[in-house]
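Heads up, the thing below is written out as structure tokens.
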Amino acid sequence: MTYPVPGLEKWRTPPDTLCPQQGPPGGVYLCQVNAEISCAACCGLYNVPDPSPAGLAALLARRSEMFAKTPRRREAILSFRGAVRRIEGHTRPVQKFHHCPYIGLVEPERRRAGCLLHPMAAGNDGVDFRSLSHYGALACRIYFCPAHTALGATYKRIVQLCAGSWQLYGAVITEANLLHSFFNSVERRLNRSLATEDIVDRPAAHETVRRFLELKFSWPYRDAAYPSPLHYFFKDPLCPKPSIDYGVLGVKRSRHHVILNELASAFRNAAQLSAAEKLIDRLIVDLAEAVSTRIRP
Ligand code: SF4
Ligand code: SF4
């Protein structure tokens, strides 16, 4: 049986780097992956009142409809920004983190998030309108988030294979510490490195990775004050992850501390912590077992 995930050969090369022949930092382009998988986290995608997958889809669909009717003139494009703000309001979970009103759904099918001002976006006829954005065209064009260099190529590709939607992919791909710690724990259990081929054509492995990634939206121990799935990975301390006080819980630091911390956890007691650790243990064991099964011809 062939599992219906995109094949490696379909992944795109970066369309928009200053030095395309050199490729992105870290060798794997993370931003626009295929027809349904993309990220706009650095554009502030998750800094909205309703960052649920359905909420994000509705938000970007409405914007894309509006932008399709917007003449590609400076005044009209700036008016679009004002209209988006009037409709959506100014309140943000992290007020000082810019949320770009030009994030929309791109390509004619509108199946993934992207930049409505990009020269390759529908209706722009190759013209780059990003100079009208908050950050300006150069910053939008050349920025690469830390995950590009902090995360191993195999881990990146596994996430691209398994995320399944742009909402989930963008929420997790910037989480270099979280992903590294999880996949590294699986590798320690296997006593070998993971390979992308471990996941391709293994539905159980694919589903287990997905279950782990989805914790970004469903983690039951998330600190209610932390605006997950937003991950603020810039250098300034605008929105740090909450720290876990093991002393108050009367326990030593968790074996899964990095994962728990990156999931913005807050525990009321040691029993909750223990339950969270077991949940992570289960996923690590399940993935190690899934990648160890033989692929049926
Ligand atoms: S956060 Fe990183 S992966 Fe996502 S769009 Fe920005 S640079 Fe690309
Ligand atoms: S204009 Fe810049 S910040 Fe806005 S969506 Fe496009 S790339 Fe992102």
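Each chain in the structure tokens gets a letter, A, B and so on, in the order shown; residues start at 1 in every chain, and ligands are counted from 1 in the order they appear.
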
Please provide the set of residues having any atom within 9 Å of Val127 in chain A, restricted to only C-alpha atoms, with same-chain residues fewer than 3 positions apart removed, written as a PyMOL selection string. chain A and resi 117-120+124

All helix (DSSP H, G or I) residues (DSSP, backbone) inside range 127-289 of chain A, as JSON, numbers by chain: {"A": [130, 131, 132, 137, 138, 139, 140, 141, 142, 147, 148, 149, 150, 153, 154, 155, 156, 157, 158, 159, 160, 161, 162, 166, 167, 168, 169, 170, 171, 172, 176, 177, 178, 179, 180, 181, 182, 183, 184, 185, 186, 187, 188, 189, 190, 196, 197, 198, 203, 204, 205, 206, 207, 208, 209, 210, 211, 212, 213, 215, 216, 217, 218, 246, 247, 248, 249, 257, 258, 259, 260, 261, 262, 270, 271, 272, 273, 274, 275, 276, 277, 278, 279, 280, 281, 282, 283, 284, 285, 286, 287, 288, 289]}

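Nearest-residue note for ligand 1: choosing from A:Lys235, A:Lys156, A:Arg282, A:Arg222, the minimum distance belongs to A:Lys156, counting only C-alpha atoms and all ligand atoms.
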
Show which residues sit within 10 Å of range 224-227 of chain A, as a ChimeraX atom specification. Count only C-alpha atoms, and ignore same-chain residues fewer than 4 positions away. /A:46-49,51,92-94,220,231-232,239-242,263-266

Produce a file of the selected residues containing C-alpha atoms, as a PDB file, in the first residue's frame.
ATOM      1  CA  TYR A  46      -0.976  32.895  14.635  1.00  0.00           C
ATOM      2  CA  ASN A  47      -1.222  36.253  16.363  1.00  0.00           C
ATOM      3  CA  VAL A  48      -4.986  36.421  15.933  1.00  0.00           C
ATOM      4  CA  PRO A  49      -7.871  36.096  18.382  1.00  0.00           C
ATOM      5  CA  PRO A  51      -5.867  30.781  15.820  1.00  0.00           C
ATOM      6  CA  ARG A  92      -3.892  40.653  19.241  1.00  0.00           C
ATOM      7  CA  PRO A  93      -2.701  38.048  21.760  1.00  0.00           C
ATOM      8  CA  VAL A  94       0.769  39.630  21.514  1.00  0.00           C
ATOM      9  CA  PRO A 220      -3.999  19.620  27.697  1.00  0.00           C
ATOM     10  CA  HIS A 231       5.581  30.608  18.908  1.00  0.00           C
ATOM     11  CA  TYR A 232       7.556  33.817  19.236  1.00  0.00           C
ATOM     12  CA  CYS A 239       6.562  36.336  24.519  1.00  0.00           C
ATOM     13  CA  PRO A 240       8.757  33.805  26.352  1.00  0.00           C
ATOM     14  CA  LYS A 241       7.521  30.318  27.088  1.00  0.00           C
ATOM     15  CA  PRO A 242       6.505  29.928  30.753  1.00  0.00           C
ATOM     16  CA  LEU A 263       4.636  23.125  24.729  1.00  0.00           C
ATOM     17  CA  ALA A 264       4.213  25.981  27.237  1.00  0.00           C
ATOM     18  CA  SER A 265       3.159  23.645  30.017  1.00  0.00           C
ATOM     19  CA  ALA A 266       1.903  24.561  33.453  1.00  0.00           C
TER      20      ALA A 266
END

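Near ligand 2, the residues found within 6 Å are Cys43, Cys100, Tyr102, Ile103, Cys115, Leu117, Arg130, Ser133 and Cys140 of chain A (criterion computed using only C-alpha atoms and all ligand atoms).
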
Expected file contents, prior selection, C-alpha atoms, as a tab-separated table (two decimals), in the first residue's frame:
chain	number	residue	atom	x	y	z
A	43	CYS	CA	4.32	37.22	9.26
A	100	CYS	CA	0.48	41.21	8.48
A	102	TYR	CA	-1.51	40.58	3.55
A	103	ILE	CA	-1.27	36.97	4.64
A	115	CYS	CA	1.78	36.34	0.79
A	117	LEU	CA	1.76	40.76	-2.25
A	130	ARG	CA	5.78	43.76	-0.64
A	133	SER	CA	4.10	45.96	3.82
A	140	CYS	CA	10.06	39.89	3.50

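Taking CA of Phe97 in chain A and atom 1 (S, counted along the ligand's line) of ligand 1 as endpoints, the distance between them is 13.1 Å.
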
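Of note, CA of Arg111 in chain A and CA of Glu36 in chain A are spaced 5.3 Å apart.
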
All residues having an atom within 9 Å of ligand 1 (only C-alpha atoms and all ligand atoms) as number ranges by chain: A: 29-32, 38-44, 114, 140, 142-148, 169-171, 173-174, 233

Selection to disk with C-alpha atoms, as a short mmCIF file (atom, residue, chain, number, x, y, z; two decimals), in the first residue's frame:
data_model
loop_
_atom_site.label_atom_id
_atom_site.label_comp_id
_atom_site.auth_asym_id
_atom_site.auth_seq_id
_atom_site.Cartn_x
_atom_site.Cartn_y
_atom_site.Cartn_z
CA TYR A 29 13.25 25.40 2.20
CA LEU A 30 10.62 25.61 4.92
CA CYS A 31 8.28 28.39 3.86
CA GLN A 32 6.30 27.21 0.81
CA SER A 38 3.26 26.34 3.89
CA CYS A 39 4.13 28.63 6.74
CA ALA A 40 3.53 32.30 7.51
CA ALA A 41 4.43 32.26 11.20
CA CYS A 42 6.99 35.07 10.93
CA CYS A 43 4.32 37.22 9.26
CA GLY A 44 2.31 36.89 12.48
CA GLY A 114 1.13 32.75 1.69
CA CYS A 140 10.06 39.89 3.50
CA ILE A 142 15.34 37.47 2.67
CA TYR A 143 14.14 36.54 6.16
CA PHE A 144 14.70 32.96 7.29
CA CYS A 145 13.62 31.97 10.78
CA PRO A 146 16.06 30.17 13.14
CA ALA A 147 14.51 26.75 12.42
CA HIS A 148 16.18 26.79 9.01
CA TYR A 169 2.74 22.88 9.60
CA GLY A 170 3.28 26.59 10.28
CA ALA A 171 2.53 26.10 13.95
CA ILE A 173 7.97 24.02 11.86
CA THR A 174 9.47 26.94 13.78
CA PHE A 233 11.03 32.82 18.04
#

Neighbour list for Ile280 in chain A as a PyMOL selection string, cut-off 9 Å, only C-alpha atoms, skip fewer than 5 positions in-chain: chain A and resi 182+212+256+259-260+275+285
